[in-house]
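Novice: The structure follows.
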Amino acid sequence: MEEMAKGSHFLVGLVLLHCLVAMAEAEHLRYKDPKQPLNTRIKDLVDRMTLEEKIGQMVQIDRSVASADVMKKYYIGSILSGGGSVPKPEATAKDWVDMINEFQKGALSTRLGIPMIYGIDAVHGNNNVYKATIFPHNVGLGATRDPQLVKKIGEATALESRATGIPYVFAPCIAVCRDPRWGRCYESYSEDHKVVQAMTEIIPGLQGDLPANWSNGVPYVAGNKKVAACAKHFVGDGGTTKGINEDNTVANRHELFSIHMPAYYNSIIKGVLTVMVSYSSWNGEKMHANRDLITGFLKNTLRFKGFVISDWEGIDRITSPPHANYTFSIEAGVNAGIDMIMIPHNYTEFIDGLTLLVKKNVIPMSRIDDAVKRILRVKFVMGLFENPLADYSLADQLGSQEHRELAREAVRKSLVLLKNGENVDKPILPLPKKASKILVAGSHADNLGYQCGGWTIQWQGQSGNNITTGTPILSAIKNAVDKETKVFYEENPSLDYVKSNDFSYAIVIVGETPYAETNGDSLNLTISGQGYETINNVCGVVKCVVVLITGRPIVIQPYLEKIEGLVAGWLPGSEGSGVADVLFGDYGFTGKLPRTWFKTVDQLPMNVGDSHYDPLFPFGFGLTTEAHKATSEY
């Protein structure tokens, strides 16, 4: 009997011991317990991490050099898709999810199982992804003056990103473009910081509305149908001399803070998770090395609690030429306060360089810990530890009909009517749907790639109607007119062709061919190809409406007097039907210029409020029309 009692005591003891070990283990891994306070989880995890694991968290690599093995071996914290970096051409939502989960499994198989975060440039919808809804670029959204519409676009973009397994987007660009010669001007909502500030409403669209009583500066994401956003590019990216991309913004502190900084205040108040640093310099000092603004102002004064990320090879470009002294670049960038480095290819060089700098005490351990805590804070807040793997449940959101309708509404509201007839009594718009025959002309009438612009499927954008799913403007016009109306399309009709046909009216659709970043820098701001010739040939002979598909105001003199109706169409994206909706009067024109339309490039830079302000069309200009009041047949 005594033997049995001893045995049962032993068993009870063993069970107790197991319970204690399990409890200790749970206590031991407090970072894995979602019930623990955020700061407890962060501290618990950071305390367990080796230097190697910490540095790994600070690394972001492109998917082209990533694999599950690389994630595991180097403890990589993040992966991105650069522009056009896709699992395969015409990849489906499932292809994306499978690829990202494969990478994630590598991260989860490490000792501490810290999930990686995958980021992408979803700057007008999830624009790298085949069949995604392509929304108008930001300049067009600025013309809508409708922050709630932009918030809905944020919600749709979040769903289409999550559909592909992506929880982090490098948007919004809150640049205040002060010179349209800049190749990224279409990524800016306006030359007026107040319009840009209003459009930061896209952030709660992307991330979710902040709960009541949420602390300012603390990042927030409302579950796995939302994404982490990124306010970019900190700061002054839109103020460079002559609009030269990545160049120097010459401005005193007051100018920088009153024009380029305000939208960051709104973004941080709205809980933005990350901020990307600008390639540009401020008064000759590279922003990627500016400790005063990144650490001193953004982190310490504004109390931003998310993480700061570099731009693509951003630290390399601290030196001229880039990558001339990478050790110096690492030291300058990390000590300035950059937390995550978008390397994005040669990650071992970065890891070795940073490790050595920490071991030599050139970069203090406290700086590394600050970076890692911020990165982990974002990952915890996003719920990545609880739900690290994506699934296929949102696949039907990609390019959904509801999102296409939203994009079409955005196109309608973005169009700015600059001229409507020779006088008020004889407007040309809206156009009649019923006419014997009409001419549609121009390089941009039947080209989905052109109407989407840069950052669409490929980084620089593409030409053609097969790049993704959408409605070219020509198709939209054909769908909109009366079935009796004959529509003739000639890309660049000769004068004789126009004269020898008795067209009721013509619609000429011309503009810029797609570009992104430095490739878009332009000193002459003219439209592409034979655009002016097309305007001349057509508008000299027949009543015409010209729709400009451009990322910015362009030179339109001396052609304006020949043009009866002039519409700024910006870069409308995949839903060309929004253009036809307004041309034919199903909806009225309501858009207002988000930028000053100059007469000649010699006037630039010229922004509203300048002493030498003498525009062709001023900031805020936009004629209106009523819906459903099409003029009678011509």
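Following the order of the structure tokens, chains are lettered A, B, ..., residues in each are numbered from 1, and ligands are numbered from 1.
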Just the strand (DSSP E or B) stuff from region 45-213 of chain A, please, per backbone DSSP, written as a PyMOL selection string.

Specialist: chain A and resi 59-62+78-81+117-120+168-169+173+176+190

Novice: Per residue of region 247-271 of chain A within 12 Å of region 203-219 of chain A, what are the shortest atom pair and its distance in Å to one decimal, counting only C-alpha atoms, with rows by chain and residue number, as a Markdown table?

Specialist:
```
| residue | atom | partner | partner_atom | distance |
| --- | --- | --- | --- | --- |
| A:Ala263 | CA | A:Ile203 | CA | 11.3 |
| A:Tyr264 | CA | A:Gly217 | CA | 10.7 |
| A:Tyr265 | CA | A:Gly217 | CA | 9.3 |
| A:Asn266 | CA | A:Ile203 | CA | 9.5 |
| A:Ser267 | CA | A:Ile203 | CA | 7.0 |
| A:Ile268 | CA | A:Gly217 | CA | 5.2 |
| A:Ile269 | CA | A:Asn216 | CA | 5.3 |
| A:Lys270 | CA | A:Pro204 | CA | 6.6 |
| A:Gly271 | CA | A:Pro219 | CA | 4.5 |
```

Novice: Write to file, as a PDB file, in the first residue's frame, the residues of the selection just made, with C-alpha atoms.

Specialist:
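Output file part25.pdb is given in full below:
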```pdb
ATOM      1  CA  ALA A 263       0.853  66.303 -43.838  1.00  0.00           C
ATOM      2  CA  TYR A 264       3.204  64.285 -41.592  1.00  0.00           C
ATOM      3  CA  TYR A 265       1.416  65.725 -38.550  1.00  0.00           C
ATOM      4  CA  ASN A 266      -1.926  64.468 -39.875  1.00  0.00           C
ATOM      5  CA  SER A 267      -0.432  61.090 -40.812  1.00  0.00           C
ATOM      6  CA  ILE A 268       1.012  60.522 -37.353  1.00  0.00           C
ATOM      7  CA  ILE A 269      -2.185  61.632 -35.604  1.00  0.00           C
ATOM      8  CA  LYS A 270      -4.009  59.072 -37.785  1.00  0.00           C
ATOM      9  CA  GLY A 271      -1.664  56.332 -36.539  1.00  0.00           C
TER      10      GLY A 271
END
```

Novice: Return as a Markdown table the residues of region 503-602 of chain A lying at most 12 Å from region 614-630 of chain A, together with the closest atom-to-atom pair for each and the distance in Å to one decimal, counting only C-alpha atoms, with rows in chain order and ascending residue number.

Specialist:
```
| residue | atom | partner | partner_atom | distance |
| --- | --- | --- | --- | --- |
| A:Pro553 | CA | A:Phe617 | CA | 9.8 |
| A:Ile554 | CA | A:Leu616 | CA | 10.8 |
| A:Val555 | CA | A:Leu616 | CA | 9.8 |
| A:Ile556 | CA | A:Leu616 | CA | 9.3 |
| A:Gln557 | CA | A:Leu616 | CA | 9.0 |
| A:Pro558 | CA | A:Leu616 | CA | 11.4 |
| A:Leu560 | CA | A:Leu616 | CA | 10.2 |
| A:Gly565 | CA | A:Leu623 | CA | 10.8 |
| A:Leu566 | CA | A:Leu623 | CA | 10.3 |
| A:Val567 | CA | A:Gly622 | CA | 9.4 |
| A:Ala568 | CA | A:Gly622 | CA | 9.6 |
| A:Asp581 | CA | A:Ala627 | CA | 9.5 |
| A:Val582 | CA | A:Ala627 | CA | 7.9 |
| A:Leu583 | CA | A:Ala630 | CA | 9.3 |
| A:Phe584 | CA | A:Ala630 | CA | 6.6 |
| A:Gly585 | CA | A:Ala627 | CA | 4.9 |
| A:Asp586 | CA | A:His628 | CA | 5.2 |
| A:Tyr587 | CA | A:Ala627 | CA | 4.4 |
| A:Gly588 | CA | A:Ala627 | CA | 4.5 |
| A:Phe589 | CA | A:Thr624 | CA | 4.9 |
| A:Thr590 | CA | A:Thr624 | CA | 5.5 |
| A:Gly591 | CA | A:Gly622 | CA | 6.0 |
| A:Lys592 | CA | A:Gly622 | CA | 4.6 |
| A:Leu593 | CA | A:Gly620 | CA | 4.6 |
| A:Pro594 | CA | A:Phe619 | CA | 6.1 |
| A:Arg595 | CA | A:Phe619 | CA | 5.2 |
| A:Thr596 | CA | A:Phe619 | CA | 4.4 |
| A:Trp597 | CA | A:Phe617 | CA | 5.0 |
| A:Phe598 | CA | A:Pro615 | CA | 4.7 |
| A:Lys599 | CA | A:Leu616 | CA | 5.0 |
| A:Thr600 | CA | A:Leu616 | CA | 8.7 |
| A:Val601 | CA | A:Pro615 | CA | 10.8 |
| A:Asp602 | CA | A:Asp614 | CA | 11.5 |
```

Novice: Find the distance between CA of Leu571 (chain A) and CA of Val139 (chain A) and write it in Å to one decimal.

Specialist: 8.1 Å

Novice: Using only C-alpha atoms, I'd like a table of the residues in region 428-456 of chain A that come within 10 Å of region 176-199 of chain A; for each, show the closest atom pair and its distance in Å rounded to one decimal, ordered by chain and ascending number, as JSON lines.

Specialist:
```
{"residue": "A:Gly453", "atom": "CA", "partner": "A:Tyr186", "partner_atom": "CA", "distance": 9.3}
{"residue": "A:Gly454", "atom": "CA", "partner": "A:Tyr186", "partner_atom": "CA", "distance": 9.3}
{"residue": "A:Trp455", "atom": "CA", "partner": "A:Glu187", "partner_atom": "CA", "distance": 9.9}
```

Novice: Could you give me, as number ranges by chain, the residues within 9 Å of region 467-479 of chain A, counting only C-alpha atoms and dropping anything in the same chain fewer than 4 positions from it?

Specialist: A: 90, 129-134, 399, 404, 440, 444-449, 451, 456-457, 462-463, 483, 485-487, 489, 509, 573-581, 583-584

Novice: How about saving the chosen residues, N, CA, C and O atoms kept, as a short mmCIF file (atom, residue, chain, number, x, y, z; two decimals), in the first residue's frame?

Specialist:
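After the write, out05.cif holds the following:
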```
data_model
loop_
_atom_site.label_atom_id
_atom_site.label_comp_id
_atom_site.auth_asym_id
_atom_site.auth_seq_id
_atom_site.Cartn_x
_atom_site.Cartn_y
_atom_site.Cartn_z
N GLU A 90 1.50 37.77 -64.97
CA GLU A 90 0.06 37.52 -64.82
C GLU A 90 -0.23 36.61 -63.62
O GLU A 90 -1.16 35.79 -63.65
N VAL A 129 -0.04 44.16 -59.54
CA VAL A 129 -0.72 42.85 -59.64
C VAL A 129 -1.69 42.82 -60.81
O VAL A 129 -2.54 43.70 -60.97
N TYR A 130 -1.55 41.78 -61.61
CA TYR A 130 -2.40 41.56 -62.78
C TYR A 130 -3.87 41.49 -62.35
O TYR A 130 -4.21 40.80 -61.40
N LYS A 131 -4.71 42.21 -63.05
CA LYS A 131 -6.17 42.25 -62.83
C LYS A 131 -6.60 43.02 -61.60
O LYS A 131 -7.79 43.03 -61.24
N ALA A 132 -5.67 43.67 -60.90
CA ALA A 132 -6.07 44.53 -59.78
C ALA A 132 -6.75 45.79 -60.32
O ALA A 132 -6.53 46.19 -61.47
N THR A 133 -7.59 46.41 -59.50
CA THR A 133 -8.20 47.69 -59.87
C THR A 133 -7.13 48.77 -59.86
O THR A 133 -6.42 48.92 -58.86
N ILE A 134 -7.02 49.52 -60.95
CA ILE A 134 -6.05 50.62 -61.00
C ILE A 134 -6.82 51.93 -60.84
O ILE A 134 -7.60 52.32 -61.71
N GLY A 399 -9.58 43.23 -58.03
CA GLY A 399 -10.28 43.71 -59.22
C GLY A 399 -11.79 43.51 -59.17
O GLY A 399 -12.43 43.37 -60.21
N ARG A 404 -14.04 48.41 -58.94
CA ARG A 404 -14.01 49.05 -60.26
C ARG A 404 -15.03 50.20 -60.33
O ARG A 404 -14.78 51.24 -60.92
N VAL A 440 -12.87 59.79 -83.08
CA VAL A 440 -12.02 59.71 -81.88
C VAL A 440 -10.59 59.57 -82.38
O VAL A 440 -10.30 58.72 -83.24
N HIS A 444 -3.68 58.33 -77.03
CA HIS A 444 -4.12 57.85 -75.71
C HIS A 444 -5.58 57.40 -75.68
O HIS A 444 -6.10 57.10 -74.61
N ALA A 445 -6.22 57.34 -76.88
CA ALA A 445 -7.64 56.96 -76.90
C ALA A 445 -7.83 55.48 -76.66
O ALA A 445 -8.78 55.07 -75.98
N ASP A 446 -6.93 54.68 -77.21
CA ASP A 446 -7.12 53.22 -77.17
C ASP A 446 -5.86 52.57 -76.61
O ASP A 446 -5.23 51.74 -77.26
N ASN A 447 -5.47 52.99 -75.39
CA ASN A 447 -4.25 52.46 -74.80
C ASN A 447 -4.38 52.44 -73.28
O ASN A 447 -4.17 53.45 -72.60
N LEU A 448 -4.76 51.28 -72.77
CA LEU A 448 -4.99 51.11 -71.33
C LEU A 448 -3.74 51.44 -70.52
O LEU A 448 -3.80 52.09 -69.48
N GLY A 449 -2.58 51.00 -71.04
CA GLY A 449 -1.32 51.27 -70.35
C GLY A 449 -1.05 52.76 -70.22
O GLY A 449 -0.63 53.24 -69.15
N GLN A 451 -3.25 55.20 -70.20
CA GLN A 451 -4.18 55.90 -69.31
C GLN A 451 -3.94 55.54 -67.83
O GLN A 451 -4.38 56.26 -66.94
N THR A 456 2.42 50.82 -63.00
CA THR A 456 1.30 49.95 -63.36
C THR A 456 1.85 48.68 -64.01
O THR A 456 2.42 48.74 -65.09
N ILE A 457 1.70 47.56 -63.33
CA ILE A 457 2.24 46.26 -63.72
C ILE A 457 3.77 46.29 -63.72
O ILE A 457 4.41 45.50 -63.05
N GLN A 462 3.50 50.69 -68.94
CA GLN A 462 3.61 50.01 -70.24
C GLN A 462 2.61 50.57 -71.22
O GLN A 462 1.69 51.29 -70.83
N SER A 463 2.77 50.17 -72.48
CA SER A 463 1.82 50.54 -73.53
C SER A 463 0.93 49.35 -73.84
O SER A 463 1.33 48.20 -73.63
N LYS A 483 -26.69 53.74 -80.23
CA LYS A 483 -26.31 52.62 -81.12
C LYS A 483 -26.28 53.03 -82.60
O LYS A 483 -25.66 52.37 -83.41
N THR A 485 -25.03 55.92 -83.61
CA THR A 485 -23.88 56.80 -83.82
C THR A 485 -22.68 55.99 -84.29
O THR A 485 -22.29 55.01 -83.65
N LYS A 486 -22.09 56.40 -85.42
CA LYS A 486 -20.91 55.70 -85.92
C LYS A 486 -19.65 56.35 -85.33
O LYS A 486 -19.48 57.57 -85.43
N VAL A 487 -18.80 55.52 -84.73
CA VAL A 487 -17.56 56.03 -84.12
C VAL A 487 -16.39 55.61 -84.99
O VAL A 487 -16.16 54.42 -85.23
N TYR A 489 -12.26 55.69 -85.43
CA TYR A 489 -11.03 55.92 -84.64
C TYR A 489 -9.83 55.97 -85.57
O TYR A 489 -9.59 55.05 -86.36
N ILE A 509 -7.74 62.46 -77.78
CA ILE A 509 -7.20 62.02 -76.48
C ILE A 509 -5.70 61.81 -76.63
O ILE A 509 -5.25 60.87 -77.28
N GLY A 573 -6.35 55.61 -64.81
CA GLY A 573 -6.31 54.22 -64.37
C GLY A 573 -7.13 53.30 -65.24
O GLY A 573 -7.42 53.61 -66.41
N SER A 574 -7.56 52.18 -64.69
CA SER A 574 -8.15 51.11 -65.51
C SER A 574 -9.59 51.39 -65.94
O SER A 574 -10.09 50.78 -66.87
N GLU A 575 -10.27 52.32 -65.26
CA GLU A 575 -11.71 52.47 -65.53
C GLU A 575 -12.00 53.67 -66.43
O GLU A 575 -12.50 54.71 -65.99
N GLY A 576 -11.73 53.50 -67.72
CA GLY A 576 -11.92 54.57 -68.70
C GLY A 576 -13.37 55.00 -68.85
O GLY A 576 -13.66 56.10 -69.34
N SER A 577 -14.31 54.16 -68.40
CA SER A 577 -15.74 54.52 -68.51
C SER A 577 -16.06 55.79 -67.72
O SER A 577 -17.00 56.51 -68.08
N GLY A 578 -15.28 56.07 -66.69
CA GLY A 578 -15.50 57.30 -65.91
C GLY A 578 -15.34 58.55 -66.77
O GLY A 578 -15.98 59.58 -66.51
N VAL A 579 -14.48 58.47 -67.79
CA VAL A 579 -14.27 59.62 -68.69
C VAL A 579 -15.52 59.81 -69.55
O VAL A 579 -16.06 60.92 -69.67
N ALA A 580 -16.01 58.72 -70.13
CA ALA A 580 -17.20 58.81 -70.99
C ALA A 580 -18.42 59.25 -70.18
O ALA A 580 -19.26 60.01 -70.68
N ASP A 581 -18.53 58.80 -68.94
CA ASP A 581 -19.67 59.17 -68.08
C ASP A 581 -19.87 60.68 -68.04
O ASP A 581 -20.99 61.18 -68.03
N LEU A 583 -18.12 63.06 -70.18
CA LEU A 583 -18.13 63.69 -71.51
C LEU A 583 -19.54 63.74 -72.08
O LEU A 583 -19.93 64.71 -72.74
N PHE A 584 -20.33 62.69 -71.83
CA PHE A 584 -21.67 62.61 -72.42
C PHE A 584 -22.78 63.02 -71.45
O PHE A 584 -23.96 62.82 -71.74
#
```
